[in-house]
>>> print(open('structure_4.pdb').read())   # PDB, C-alpha atoms and all ligand atoms
ATOM      1  CA  MET Y  15      -9.180  -1.304 -25.453  1.00  0.00           C
ATOM      2  CA  THR Y  16      -9.440  -1.614 -21.662  1.00  0.00           C
ATOM      3  CA  PRO Y  17     -12.784  -3.118 -20.578  1.00  0.00           C
ATOM      4  CA  ARG Y  18     -15.028  -1.215 -18.182  1.00  0.00           C
ATOM      5  CA  ASP Y  19     -15.156  -4.427 -16.179  1.00  0.00           C
ATOM      6  CA  LEU Y  20     -15.085  -2.619 -12.822  1.00  0.00           C
ATOM      7  CA  ALA Y  21     -18.175  -0.492 -13.513  1.00  0.00           C
ATOM      8  CA  GLY Y  22     -20.365  -0.418 -10.414  1.00  0.00           C
ATOM      9  CA  LYS Y  23     -17.519  -1.596  -8.161  1.00  0.00           C
ATOM     10  CA  ARG Y  24     -16.145   0.529  -5.348  1.00  0.00           C
ATOM     11  CA  VAL Y  25     -12.378   0.304  -5.005  1.00  0.00           C
ATOM     12  CA  MET Y  26     -10.259   1.631  -2.152  1.00  0.00           C
ATOM     13  CA  VAL Y  27      -6.512   1.980  -2.756  1.00  0.00           C
ATOM     14  CA  THR Y  28      -3.884   3.123  -0.265  1.00  0.00           C
ATOM     15  CA  ALA Y  29      -0.640   4.609  -1.557  1.00  0.00           C
ATOM     16  CA  GLY Y  30       2.579   6.330  -0.595  1.00  0.00           C
ATOM     17  CA  PRO Y  31       4.515   6.424   2.657  1.00  0.00           C
ATOM     18  CA  THR Y  32       3.495   7.525   6.118  1.00  0.00           C
ATOM     19  CA  ARG Y  33       5.463  10.049   8.132  1.00  0.00           C
ATOM     20  CA  GLU Y  34       5.945   9.549  11.847  1.00  0.00           C
ATOM     21  CA  PRO Y  35       6.953  12.861  13.456  1.00  0.00           C
ATOM     22  CA  LEU Y  36       9.753  13.274  15.968  1.00  0.00           C
ATOM     23  CA  ASP Y  37       9.251  17.009  16.242  1.00  0.00           C
ATOM     24  CA  PRO Y  38       7.777  19.731  13.992  1.00  0.00           C
ATOM     25  CA  VAL Y  39      10.664  19.469  11.498  1.00  0.00           C
ATOM     26  CA  ARG Y  40      11.702  15.777  11.549  1.00  0.00           C
ATOM     27  CA  PHE Y  41      10.009  12.453  10.867  1.00  0.00           C
ATOM     28  CA  LEU Y  42      10.604   8.747  10.203  1.00  0.00           C
ATOM     29  CA  SER Y  43       9.483   7.586   6.768  1.00  0.00           C
ATOM     30  CA  ASN Y  44      10.459   5.572   3.656  1.00  0.00           C
ATOM     31  CA  PRO Y  45      11.012   6.345  -0.036  1.00  0.00           C
ATOM     32  CA  SER Y  46       7.576   5.332  -1.388  1.00  0.00           C
ATOM     33  CA  SER Y  47       6.677   7.756  -4.191  1.00  0.00           C
ATOM     34  CA  GLY Y  48       3.052   6.667  -4.495  1.00  0.00           C
ATOM     35  CA  LYS Y  49       3.553   5.702  -8.168  1.00  0.00           C
ATOM     36  CA  MET Y  50       2.327   2.102  -7.801  1.00  0.00           C
ATOM     37  CA  GLY Y  51      -0.778   2.998  -5.786  1.00  0.00           C
ATOM     38  CA  TYR Y  52      -1.666   5.970  -8.000  1.00  0.00           C
ATOM     39  CA  ALA Y  53      -1.291   3.737 -11.080  1.00  0.00           C
ATOM     40  CA  LEU Y  54      -3.798   1.327  -9.514  1.00  0.00           C
ATOM     41  CA  ALA Y  55      -6.224   4.137  -8.677  1.00  0.00           C
ATOM     42  CA  ARG Y  56      -6.021   5.572 -12.236  1.00  0.00           C
ATOM     43  CA  ALA Y  57      -6.423   2.159 -13.846  1.00  0.00           C
ATOM     44  CA  ALA Y  58      -9.406   1.217 -11.661  1.00  0.00           C
ATOM     45  CA  GLU Y  59     -11.098   4.556 -12.476  1.00  0.00           C
ATOM     46  CA  TYR Y  60     -10.451   4.008 -16.192  1.00  0.00           C
ATOM     47  CA  ARG Y  61     -12.071   0.588 -15.920  1.00  0.00           C
ATOM     48  CA  GLY Y  62     -15.240   2.135 -14.531  1.00  0.00           C
ATOM     49  CA  ALA Y  63     -14.806   1.789 -10.752  1.00  0.00           C
ATOM     50  CA  ASP Y  64     -15.762   4.358  -8.153  1.00  0.00           C
ATOM     51  CA  VAL Y  65     -12.320   4.872  -6.570  1.00  0.00           C
ATOM     52  CA  THR Y  66     -11.182   6.215  -3.205  1.00  0.00           C
ATOM     53  CA  LEU Y  67      -7.440   6.759  -2.855  1.00  0.00           C
ATOM     54  CA  ILE Y  68      -5.977   7.186   0.622  1.00  0.00           C
ATOM     55  CA  SER Y  69      -2.576   8.697   0.153  1.00  0.00           C
ATOM     56  CA  GLY Y  70       0.400   9.499   2.323  1.00  0.00           C
ATOM     57  CA  PRO Y  71       2.530  12.535   1.409  1.00  0.00           C
ATOM     58  CA  VAL Y  72       3.673  12.258  -2.242  1.00  0.00           C
ATOM     59  CA  HIS Y  73       4.489  14.600  -5.128  1.00  0.00           C
ATOM     60  CA  LEU Y  74       1.915  13.305  -7.598  1.00  0.00           C
ATOM     61  CA  PRO Y  75      -1.213  15.000  -8.938  1.00  0.00           C
ATOM     62  CA  ALA Y  76      -4.510  13.640  -7.593  1.00  0.00           C
ATOM     63  CA  PRO Y  77      -5.877  11.253 -10.248  1.00  0.00           C
ATOM     64  CA  PHE Y  78      -8.821  12.443 -12.357  1.00  0.00           C
ATOM     65  CA  ASN Y  79     -12.260  11.505 -11.009  1.00  0.00           C
ATOM     66  CA  VAL Y  80     -10.811   9.733  -7.950  1.00  0.00           C
ATOM     67  CA  HIS Y  81     -11.836  10.678  -4.397  1.00  0.00           C
ATOM     68  CA  THR Y  82      -8.420  11.336  -2.877  1.00  0.00           C
ATOM     69  CA  VAL Y  83      -7.943  11.530   0.892  1.00  0.00           C
ATOM     70  CA  SER Y  84      -4.594  12.897   2.092  1.00  0.00           C
ATOM     71  CA  VAL Y  85      -3.119  11.577   5.319  1.00  0.00           C
ATOM     72  CA  ARG Y  86       0.256  11.877   6.985  1.00  0.00           C
ATOM     73  CA  THR Y  87       0.791   9.341   9.768  1.00  0.00           C
ATOM     74  CA  ALA Y  88       0.014   5.619  10.031  1.00  0.00           C
ATOM     75  CA  ARG Y  89      -2.675   6.418  12.580  1.00  0.00           C
ATOM     76  CA  GLU Y  90      -4.327   8.882  10.175  1.00  0.00           C
ATOM     77  CA  MET Y  91      -4.119   6.288   7.393  1.00  0.00           C
ATOM     78  CA  ALA Y  92      -5.694   3.675   9.666  1.00  0.00           C
ATOM     79  CA  ALA Y  93      -8.590   5.987  10.577  1.00  0.00           C
ATOM     80  CA  ALA Y  94      -9.254   6.850   6.906  1.00  0.00           C
ATOM     81  CA  ALA Y  95      -8.940   3.212   5.775  1.00  0.00           C
ATOM     82  CA  PHE Y  96     -11.335   1.884   8.424  1.00  0.00           C
ATOM     83  CA  GLU Y  97     -13.824   4.658   7.629  1.00  0.00           C
ATOM     84  CA  HIS Y  98     -13.793   4.082   3.854  1.00  0.00           C
ATOM     85  CA  MET Y  99     -13.565   0.269   3.858  1.00  0.00           C
ATOM     86  CA  ALA Y 100     -17.261   0.164   4.806  1.00  0.00           C
ATOM     87  CA  SER Y 101     -18.178   1.357   1.321  1.00  0.00           C
ATOM     88  CA  ALA Y 102     -15.602  -0.666  -0.662  1.00  0.00           C
ATOM     89  CA  ASP Y 103     -15.985  -3.921  -2.603  1.00  0.00           C
ATOM     90  CA  ILE Y 104     -12.286  -4.188  -3.403  1.00  0.00           C
ATOM     91  CA  ILE Y 105      -9.401  -2.997  -1.209  1.00  0.00           C
ATOM     92  CA  ILE Y 106      -5.812  -2.774  -2.447  1.00  0.00           C
ATOM     93  CA  LYS Y 107      -3.197  -1.807   0.128  1.00  0.00           C
ATOM     94  CA  THR Y 108      -0.140  -0.520  -1.685  1.00  0.00           C
ATOM     95  CA  ALA Y 109       0.929   1.991   0.963  1.00  0.00           C
ATOM     96  CA  ALA Y 110       4.250   1.607   2.726  1.00  0.00           C
ATOM     97  CA  VAL Y 111       3.004   2.121   6.262  1.00  0.00           C
ATOM     98  CA  ALA Y 112       5.590   2.726   8.987  1.00  0.00           C
ATOM     99  CA  ASP Y 113       5.657  -0.246  11.347  1.00  0.00           C
ATOM    100  CA  TYR Y 114       6.908   1.968  14.201  1.00  0.00           C
ATOM    101  CA  ARG Y 115       6.513   5.560  15.367  1.00  0.00           C
ATOM    102  CA  PRO Y 116       8.560   7.555  17.884  1.00  0.00           C
ATOM    103  CA  LYS Y 117       7.200   6.955  21.366  1.00  0.00           C
ATOM    104  CA  GLU Y 118       7.357  10.685  22.044  1.00  0.00           C
ATOM    105  CA  THR Y 119       6.819  13.606  19.700  1.00  0.00           C
ATOM    106  CA  SER Y 120       8.227  16.951  20.775  1.00  0.00           C
ATOM    107  CA  ASP Y 121       6.100  20.088  20.247  1.00  0.00           C
ATOM    108  CA  HIS Y 122       9.291  22.025  19.549  1.00  0.00           C
ATOM    109  CA  LYS Y 123      12.406  21.298  17.519  1.00  0.00           C
ATOM    110  CA  ILE Y 124      14.648  18.931  19.455  1.00  0.00           C
ATOM    111  CA  LYS Y 125      17.965  20.630  20.185  1.00  0.00           C
ATOM    112  CA  LYS Y 126      21.156  18.659  19.803  1.00  0.00           C
ATOM    113  CA  GLY Y 127      23.150  17.806  22.906  1.00  0.00           C
ATOM    114  CA  GLU Y 128      26.742  16.672  23.365  1.00  0.00           C
ATOM    115  CA  GLY Y 129      26.259  12.920  23.277  1.00  0.00           C
ATOM    116  CA  ASP Y 130      24.259  10.314  21.350  1.00  0.00           C
ATOM    117  CA  LYS Y 131      20.503  10.130  21.547  1.00  0.00           C
ATOM    118  CA  ILE Y 132      18.438   6.972  21.930  1.00  0.00           C
ATOM    119  CA  LEU Y 133      15.122   6.916  20.131  1.00  0.00           C
ATOM    120  CA  GLU Y 134      12.309   4.805  21.584  1.00  0.00           C
ATOM    121  CA  LEU Y 135       9.795   3.459  19.062  1.00  0.00           C
ATOM    122  CA  GLU Y 136       6.378   1.929  19.505  1.00  0.00           C
ATOM    123  CA  ARG Y 137       4.418  -0.286  17.134  1.00  0.00           C
ATOM    124  CA  ASN Y 138       1.842   1.057  14.746  1.00  0.00           C
ATOM    125  CA  ALA Y 139      -1.211  -1.135  14.271  1.00  0.00           C
ATOM    126  CA  ASP Y 140      -1.196  -3.289  11.127  1.00  0.00           C
ATOM    127  CA  ILE Y 141      -3.989  -1.732   9.079  1.00  0.00           C
ATOM    128  CA  LEU Y 142      -4.154  -4.545   6.535  1.00  0.00           C
ATOM    129  CA  MET Y 143      -4.406  -7.146   9.291  1.00  0.00           C
ATOM    130  CA  GLY Y 144      -7.278  -5.186  10.864  1.00  0.00           C
ATOM    131  CA  ILE Y 145      -9.108  -4.990   7.539  1.00  0.00           C
ATOM    132  CA  GLY Y 146      -8.499  -8.715   6.949  1.00  0.00           C
ATOM    133  CA  GLN Y 147     -10.143  -9.546  10.284  1.00  0.00           C
ATOM    134  CA  ARG Y 148     -13.382  -7.802   9.237  1.00  0.00           C
ATOM    135  CA  LYS Y 149     -13.297  -8.062   5.454  1.00  0.00           C
ATOM    136  CA  GLU Y 150     -16.581 -10.018   5.044  1.00  0.00           C
ATOM    137  CA  GLY Y 151     -17.298 -10.348   1.280  1.00  0.00           C
ATOM    138  CA  ARG Y 152     -14.664  -7.878   0.106  1.00  0.00           C
ATOM    139  CA  ILE Y 153     -11.744  -8.719  -2.153  1.00  0.00           C
ATOM    140  CA  LEU Y 154      -8.579  -7.833  -0.236  1.00  0.00           C
ATOM    141  CA  VAL Y 155      -5.206  -7.403  -1.931  1.00  0.00           C
ATOM    142  CA  GLY Y 156      -1.979  -6.665  -0.055  1.00  0.00           C
ATOM    143  CA  PHE Y 157       1.569  -5.974  -1.114  1.00  0.00           C
ATOM    144  CA  ALA Y 158       4.727  -7.449   0.377  1.00  0.00           C
ATOM    145  CA  ALA Y 159       7.859  -5.359  -0.116  1.00  0.00           C
ATOM    146  CA  GLU Y 160      10.804  -7.721   0.257  1.00  0.00           C
ATOM    147  CA  THR Y 161      14.544  -7.731  -0.359  1.00  0.00           C
ATOM    148  CA  GLN Y 162      14.809 -11.521   0.120  1.00  0.00           C
ATOM    149  CA  ASN Y 163      12.703 -14.687   0.577  1.00  0.00           C
ATOM    150  CA  LEU Y 164       9.893 -13.169  -1.521  1.00  0.00           C
ATOM    151  CA  ARG Y 165       7.771 -16.310  -1.771  1.00  0.00           C
ATOM    152  CA  GLU Y 166       8.004 -17.328   1.881  1.00  0.00           C
ATOM    153  CA  ASN Y 167       7.386 -13.804   3.220  1.00  0.00           C
ATOM    154  CA  ALA Y 168       4.548 -13.075   0.788  1.00  0.00           C
ATOM    155  CA  LEU Y 169       2.774 -16.362   1.550  1.00  0.00           C
ATOM    156  CA  GLY Y 170       3.075 -15.701   5.300  1.00  0.00           C
ATOM    157  CA  LYS Y 171       1.387 -12.304   4.892  1.00  0.00           C
ATOM    158  CA  LEU Y 172      -1.302 -13.730   2.556  1.00  0.00           C
ATOM    159  CA  GLU Y 173      -2.283 -16.190   5.288  1.00  0.00           C
ATOM    160  CA  ARG Y 174      -1.830 -14.046   8.423  1.00  0.00           C
ATOM    161  CA  LYS Y 175      -3.648 -11.014   6.979  1.00  0.00           C
ATOM    162  CA  ASN Y 176      -6.503 -13.045   5.422  1.00  0.00           C
ATOM    163  CA  LEU Y 177      -5.912 -11.745   1.871  1.00  0.00           C
ATOM    164  CA  ASP Y 178      -7.281 -12.989  -1.455  1.00  0.00           C
ATOM    165  CA  MET Y 179      -4.085 -12.095  -3.261  1.00  0.00           C
ATOM    166  CA  ILE Y 180      -0.693 -10.623  -2.419  1.00  0.00           C
ATOM    167  CA  VAL Y 181       1.670  -8.772  -4.707  1.00  0.00           C
ATOM    168  CA  GLY Y 182       5.219  -9.771  -3.800  1.00  0.00           C
ATOM    169  CA  ASN Y 183       7.403  -6.824  -4.684  1.00  0.00           C
ATOM    170  CA  ILE Y 184      11.189  -6.964  -4.989  1.00  0.00           C
ATOM    171  CA  VAL Y 185      12.498  -3.711  -3.503  1.00  0.00           C
ATOM    172  CA  GLY Y 186      15.938  -2.143  -3.228  1.00  0.00           C
ATOM    173  CA  GLN Y 187      16.746  -2.410  -6.954  1.00  0.00           C
ATOM    174  CA  PRO Y 188      16.763   0.440  -9.483  1.00  0.00           C
ATOM    175  CA  ASP Y 189      14.065  -1.010 -11.780  1.00  0.00           C
ATOM    176  CA  SER Y 190      11.701  -2.189  -9.063  1.00  0.00           C
ATOM    177  CA  GLY Y 191       9.984  -1.086  -5.878  1.00  0.00           C
ATOM    178  CA  PHE Y 192      10.321   2.341  -4.272  1.00  0.00           C
ATOM    179  CA  GLY Y 193      10.379   5.328  -6.617  1.00  0.00           C
ATOM    180  CA  SER Y 194      10.948   3.514  -9.921  1.00  0.00           C
ATOM    181  CA  ASP Y 195       8.629   3.794 -12.938  1.00  0.00           C
ATOM    182  CA  THR Y 196       8.823   0.022 -13.478  1.00  0.00           C
ATOM    183  CA  ASN Y 197       8.208  -2.847 -11.101  1.00  0.00           C
ATOM    184  CA  ARG Y 198       9.036  -6.547 -10.684  1.00  0.00           C
ATOM    185  CA  VAL Y 199       6.335  -8.449  -8.904  1.00  0.00           C
ATOM    186  CA  SER Y 200       4.948 -11.920  -8.374  1.00  0.00           C
ATOM    187  CA  LEU Y 201       1.289 -12.506  -7.621  1.00  0.00           C
ATOM    188  CA  PHE Y 202       0.358 -15.136  -5.014  1.00  0.00           C
ATOM    189  CA  PHE Y 203      -3.168 -16.513  -4.599  1.00  0.00           C
ATOM    190  CA  ARG Y 204      -4.985 -18.478  -1.905  1.00  0.00           C
ATOM    191  CA  ASP Y 205      -5.228 -21.580  -4.071  1.00  0.00           C
ATOM    192  CA  GLY Y 206      -1.432 -21.816  -4.005  1.00  0.00           C
ATOM    193  CA  THR Y 207      -0.852 -20.513  -7.539  1.00  0.00           C
ATOM    194  CA  ARG Y 208       1.871 -18.000  -8.295  1.00  0.00           C
ATOM    195  CA  GLU Y 209       2.388 -15.760 -11.295  1.00  0.00           C
ATOM    196  CA  ALA Y 210       5.804 -14.122 -11.808  1.00  0.00           C
ATOM    197  CA  LEU Y 211       5.539 -11.037 -14.029  1.00  0.00           C
ATOM    198  CA  GLU Y 212       8.291  -9.644 -16.221  1.00  0.00           C
ATOM    199  CA  PRO Y 213       9.637  -6.202 -15.233  1.00  0.00           C
ATOM    200  CA  MET Y 214       7.207  -3.658 -16.692  1.00  0.00           C
ATOM    201  CA  PRO Y 215       5.847  -0.124 -16.133  1.00  0.00           C
ATOM    202  CA  LYS Y 216       3.761   0.305 -12.991  1.00  0.00           C
ATOM    203  CA  ASP Y 217       0.694   1.194 -15.105  1.00  0.00           C
ATOM    204  CA  ALA Y 218       0.934  -2.223 -16.796  1.00  0.00           C
ATOM    205  CA  VAL Y 219       1.429  -3.987 -13.440  1.00  0.00           C
ATOM    206  CA  ALA Y 220      -1.674  -2.178 -12.155  1.00  0.00           C
ATOM    207  CA  ASN Y 221      -3.808  -3.440 -15.025  1.00  0.00           C
ATOM    208  CA  ILE Y 222      -2.656  -7.040 -14.564  1.00  0.00           C
ATOM    209  CA  ILE Y 223      -3.457  -6.847 -10.838  1.00  0.00           C
ATOM    210  CA  LEU Y 224      -6.936  -5.536 -11.721  1.00  0.00           C
ATOM    211  CA  ASP Y 225      -7.378  -8.314 -14.341  1.00  0.00           C
ATOM    212  CA  ARG Y 226      -6.742 -10.876 -11.599  1.00  0.00           C
ATOM    213  CA  VAL Y 227      -9.020  -9.056  -9.138  1.00  0.00           C
ATOM    214  CA  ALA Y 228     -11.786  -9.086 -11.776  1.00  0.00           C
ATOM    215  CA  GLY Y 229     -11.144 -12.821 -12.202  1.00  0.00           C
ATOM    216  CA  LEU Y 230     -11.555 -13.380  -8.444  1.00  0.00           C
ATOM    217  CA  MET Y 231     -14.986 -11.726  -8.564  1.00  0.00           C
ATOM    218  CA  THR Y 232     -16.469 -14.048 -11.201  1.00  0.00           C
TER     219      THR Y 232
HETATM  220  O1  LIG Y 301       5.162   4.045  -4.007  1.00  0.00           O
HETATM  221  P1  LIG Y 301       6.183   3.483  -4.971  1.00  0.00           P
HETATM  222  O2  LIG Y 301       7.457   4.303  -5.001  1.00  0.00           O
HETATM  223  O3  LIG Y 301       5.612   3.263  -6.342  1.00  0.00           O
HETATM  224  O4  LIG Y 301       6.643   2.058  -4.420  1.00  0.00           O
HETATM  225  C1  LIG Y 301       5.728   1.011  -4.417  1.00  0.00           C
HETATM  226  C2  LIG Y 301       5.875   0.134  -3.156  1.00  0.00           C
HETATM  227  C3  LIG Y 301       7.251  -0.517  -3.169  1.00  0.00           C
HETATM  228  C4  LIG Y 301       5.713   0.960  -1.884  1.00  0.00           C
HETATM  229  C5  LIG Y 301       4.709  -0.921  -3.245  1.00  0.00           C
HETATM  230  O5  LIG Y 301       4.778  -1.615  -4.462  1.00  0.00           O
HETATM  231  C6  LIG Y 301       4.782  -1.920  -2.102  1.00  0.00           C
HETATM  232  O6  LIG Y 301       5.479  -2.921  -2.119  1.00  0.00           O
HETATM  233  N1  LIG Y 301       3.977  -1.610  -1.033  1.00  0.00           N
HETATM  234  C7  LIG Y 301       3.973  -2.338   0.230  1.00  0.00           C
HETATM  235  C8  LIG Y 301       5.008  -1.740   1.125  1.00  0.00           C
HETATM  236  C9  LIG Y 301       5.025  -2.375   2.501  1.00  0.00           C
HETATM  237  O7  LIG Y 301       4.915  -1.673   3.478  1.00  0.00           O
HETATM  238  O8  LIG Y 301       5.097  -3.675   2.524  1.00  0.00           O
HETATM  239  P2  LIG Y 301       5.118  -4.568   3.889  1.00  0.00           P
HETATM  240  O9  LIG Y 301       5.582  -5.892   3.423  1.00  0.00           O
HETATM  241  O10 LIG Y 301       5.891  -3.882   4.957  1.00  0.00           O
HETATM  242  O11 LIG Y 301       3.603  -4.597   4.320  1.00  0.00           O
HETATM  243  C10 LIG Y 301       2.742  -5.640   3.921  1.00  0.00           C
HETATM  244  C11 LIG Y 301       1.338  -5.116   3.711  1.00  0.00           C
HETATM  245  O12 LIG Y 301       0.799  -4.704   4.967  1.00  0.00           O
HETATM  246  C12 LIG Y 301       1.213  -3.943   2.748  1.00  0.00           C
HETATM  247  O13 LIG Y 301       0.049  -4.116   1.954  1.00  0.00           O
HETATM  248  C13 LIG Y 301       1.066  -2.736   3.692  1.00  0.00           C
HETATM  249  O14 LIG Y 301       0.252  -1.701   3.093  1.00  0.00           O
HETATM  250  C14 LIG Y 301       0.368  -3.349   4.901  1.00  0.00           C
HETATM  251  N2  LIG Y 301       0.691  -2.723   6.193  1.00  0.00           N
HETATM  252  C15 LIG Y 301       1.953  -2.765   6.701  1.00  0.00           C
HETATM  253  C16 LIG Y 301       2.230  -2.221   7.946  1.00  0.00           C
HETATM  254  C17 LIG Y 301       1.178  -1.613   8.665  1.00  0.00           C
HETATM  255  N3  LIG Y 301       1.400  -1.061   9.855  1.00  0.00           N
HETATM  256  N4  LIG Y 301      -0.058  -1.578   8.141  1.00  0.00           N
HETATM  257  C18 LIG Y 301      -0.325  -2.127   6.926  1.00  0.00           C
HETATM  258  O15 LIG Y 301      -1.468  -2.094   6.441  1.00  0.00           O
END
>>> encode(input="structure_4.pdb", output="structure tokens")
Amino acid sequence: MTPRDLAGKRVMVTAGPTREPLDPVRFLSNPSSGKMGYALARAAEYRGADVTLISGPVHLPAPFNVHTVSVRTAREMAAAAFEHMASADIIIKTAAVADYRPKETSDHKIKKGEGDKILELERNADILMGIGQRKEGRILVGFAAETQNLRENALGKLERKNLDMIVGNIVGQPDSGFGSDTNRVSLFFRDGTREALEPMPKDAVANIILDRVAGLMT
């Protein structure tokens, strides 16, 4: 039986992709389904936490008894995350936030011309980095979606973003990462330890992440 070890804790989870509009009918995005973040929100609620889920556009039902906030763009996700972090003890950032957005968004559908079109992009702020800079006593968990150099890239983000733990996620394979029901992850901690998990359903990954978070709080 799952313990109610998160009773009295307030958990904020971000999930899904962001969409960065080019015009009213087109956007830049990625294939995040929200499954991993929603699994974390459900598992945290089941373990007794008061959960806020900030979600990009996905096709999943809002989890039972979870305060779900729907956003679309990275800037909307940033605003919601900074607002809700104030009342969170634990923050888990699973969302696949777009690093760039189109520099210009047209109010009307862009018509095609004869030649090629060059798209100018500008940087979105790194939400996790911003939270890390003002995290105070909170437990902060990030994800690192990588196709190569998992350890090196994950450890870099753990340090730069001031995290307590990072979930290194192999992406671009059918049984892991975007859209799949299972995931292959390694957990990296500030004390230099690493835990490589077997491929398993995202619900099971979520519970192991929460086990380790609970361990960090004791
Ligand atoms: O939704 P699913 O289909 O289940 O897929 C799950 C997942 C693959 C999306 C998830 O497990 C995962 O790996 N999420 C992180 C995706 C990602 O954007 O990774 P990143 O390495 O680019 O970003 C590192 C961290 O910084 C992440 O915690 C991300 O939320 C955060 N970030 C990134 C960019 C940005 N502008 N702001 C951020 O907060």
>>> residues_near_ligand(input="structure_4.pdb", ligand="ligand LIG 301 (chain Y)", cutoff="6 Å", atoms="all atoms listed in the file", output="list in words")
Gly30, Ser46, Ser47, Gly48, Lys49, Met50, Lys107, Thr108, Ala109, Ala110, Val111, Ala112, Asp113, Asn138, Ala139, Asp140, Ile141, Leu142, Gly156, Phe157, Ala158, Ala159, Asn183, Gly191, Phe192 and Gly193 of chain Y
>>> resolve_selection(input="structure_4.pdb", expression="the PyMOL selection byres (((chain Y and resi 61-68) around 10) and not hetatm)", output="PDB file with C-alpha atoms, in the coordinates of the input")
ATOM      1  CA  THR Y  16      -9.440  -1.614 -21.662  1.00  0.00           C
ATOM      2  CA  PRO Y  17     -12.784  -3.118 -20.578  1.00  0.00           C
ATOM      3  CA  ARG Y  18     -15.028  -1.215 -18.182  1.00  0.00           C
ATOM      4  CA  ASP Y  19     -15.156  -4.427 -16.179  1.00  0.00           C
ATOM      5  CA  LEU Y  20     -15.085  -2.619 -12.822  1.00  0.00           C
ATOM      6  CA  ALA Y  21     -18.175  -0.492 -13.513  1.00  0.00           C
ATOM      7  CA  GLY Y  22     -20.365  -0.418 -10.414  1.00  0.00           C
ATOM      8  CA  LYS Y  23     -17.519  -1.596  -8.161  1.00  0.00           C
ATOM      9  CA  ARG Y  24     -16.145   0.529  -5.348  1.00  0.00           C
ATOM     10  CA  VAL Y  25     -12.378   0.304  -5.005  1.00  0.00           C
ATOM     11  CA  MET Y  26     -10.259   1.631  -2.152  1.00  0.00           C
ATOM     12  CA  VAL Y  27      -6.512   1.980  -2.756  1.00  0.00           C
ATOM     13  CA  THR Y  28      -3.884   3.123  -0.265  1.00  0.00           C
ATOM     14  CA  ALA Y  29      -0.640   4.609  -1.557  1.00  0.00           C
ATOM     15  CA  GLY Y  30       2.579   6.330  -0.595  1.00  0.00           C
ATOM     16  CA  GLY Y  51      -0.778   2.998  -5.786  1.00  0.00           C
ATOM     17  CA  TYR Y  52      -1.666   5.970  -8.000  1.00  0.00           C
ATOM     18  CA  LEU Y  54      -3.798   1.327  -9.514  1.00  0.00           C
ATOM     19  CA  ALA Y  55      -6.224   4.137  -8.677  1.00  0.00           C
ATOM     20  CA  ARG Y  56      -6.021   5.572 -12.236  1.00  0.00           C
ATOM     21  CA  ALA Y  57      -6.423   2.159 -13.846  1.00  0.00           C
ATOM     22  CA  ALA Y  58      -9.406   1.217 -11.661  1.00  0.00           C
ATOM     23  CA  GLU Y  59     -11.098   4.556 -12.476  1.00  0.00           C
ATOM     24  CA  TYR Y  60     -10.451   4.008 -16.192  1.00  0.00           C
ATOM     25  CA  SER Y  69      -2.576   8.697   0.153  1.00  0.00           C
ATOM     26  CA  GLY Y  70       0.400   9.499   2.323  1.00  0.00           C
ATOM     27  CA  ALA Y  76      -4.510  13.640  -7.593  1.00  0.00           C
ATOM     28  CA  PRO Y  77      -5.877  11.253 -10.248  1.00  0.00           C
ATOM     29  CA  ASN Y  79     -12.260  11.505 -11.009  1.00  0.00           C
ATOM     30  CA  VAL Y  80     -10.811   9.733  -7.950  1.00  0.00           C
ATOM     31  CA  HIS Y  81     -11.836  10.678  -4.397  1.00  0.00           C
ATOM     32  CA  THR Y  82      -8.420  11.336  -2.877  1.00  0.00           C
ATOM     33  CA  VAL Y  83      -7.943  11.530   0.892  1.00  0.00           C
ATOM     34  CA  SER Y  84      -4.594  12.897   2.092  1.00  0.00           C
ATOM     35  CA  VAL Y  85      -3.119  11.577   5.319  1.00  0.00           C
ATOM     36  CA  GLU Y  90      -4.327   8.882  10.175  1.00  0.00           C
ATOM     37  CA  MET Y  91      -4.119   6.288   7.393  1.00  0.00           C
ATOM     38  CA  ALA Y  92      -5.694   3.675   9.666  1.00  0.00           C
ATOM     39  CA  ALA Y  94      -9.254   6.850   6.906  1.00  0.00           C
ATOM     40  CA  ALA Y  95      -8.940   3.212   5.775  1.00  0.00           C
ATOM     41  CA  HIS Y  98     -13.793   4.082   3.854  1.00  0.00           C
ATOM     42  CA  MET Y  99     -13.565   0.269   3.858  1.00  0.00           C
ATOM     43  CA  SER Y 101     -18.178   1.357   1.321  1.00  0.00           C
ATOM     44  CA  ALA Y 102     -15.602  -0.666  -0.662  1.00  0.00           C
ATOM     45  CA  ASP Y 103     -15.985  -3.921  -2.603  1.00  0.00           C
ATOM     46  CA  ILE Y 104     -12.286  -4.188  -3.403  1.00  0.00           C
ATOM     47  CA  ILE Y 105      -9.401  -2.997  -1.209  1.00  0.00           C
ATOM     48  CA  ILE Y 106      -5.812  -2.774  -2.447  1.00  0.00           C
ATOM     49  CA  LYS Y 107      -3.197  -1.807   0.128  1.00  0.00           C
ATOM     50  CA  THR Y 108      -0.140  -0.520  -1.685  1.00  0.00           C
ATOM     51  CA  ALA Y 109       0.929   1.991   0.963  1.00  0.00           C
ATOM     52  CA  ASN Y 221      -3.808  -3.440 -15.025  1.00  0.00           C
ATOM     53  CA  LEU Y 224      -6.936  -5.536 -11.721  1.00  0.00           C
TER      54      LEU Y 224
END
>>> atom_distance(input="structure_4.pdb", atom1="atom CA of Y:Glu166", atom2="atom CA of Y:Phe203")
12.9 Å
>>> residues_around(input="structure_4.pdb", residues="Y:Val181", least_positions_apart="6", cutoff="12 Å", atoms="all atoms listed in the file", output="MDAnalysis selection string")
chainID Y and resid 50 106:108 154:160 164:165 167:169 171:172 191 197:203 208:211 219:220 222:224 226:227
>>> closest_residue(input="structure_4.pdb", among="Y:Leu177, Y:Ala88, Y:Leu36, Y:Met143", to="Y:Lys125", atoms="all atoms listed in the file")
Y:Leu36
>>> residues_around(input="structure_4.pdb", residues="Y:Leu135", least_positions_apart="6", cutoff="10 Å", atoms="all atoms listed in the file", output="ChimeraX atom specification")
/Y:113-118
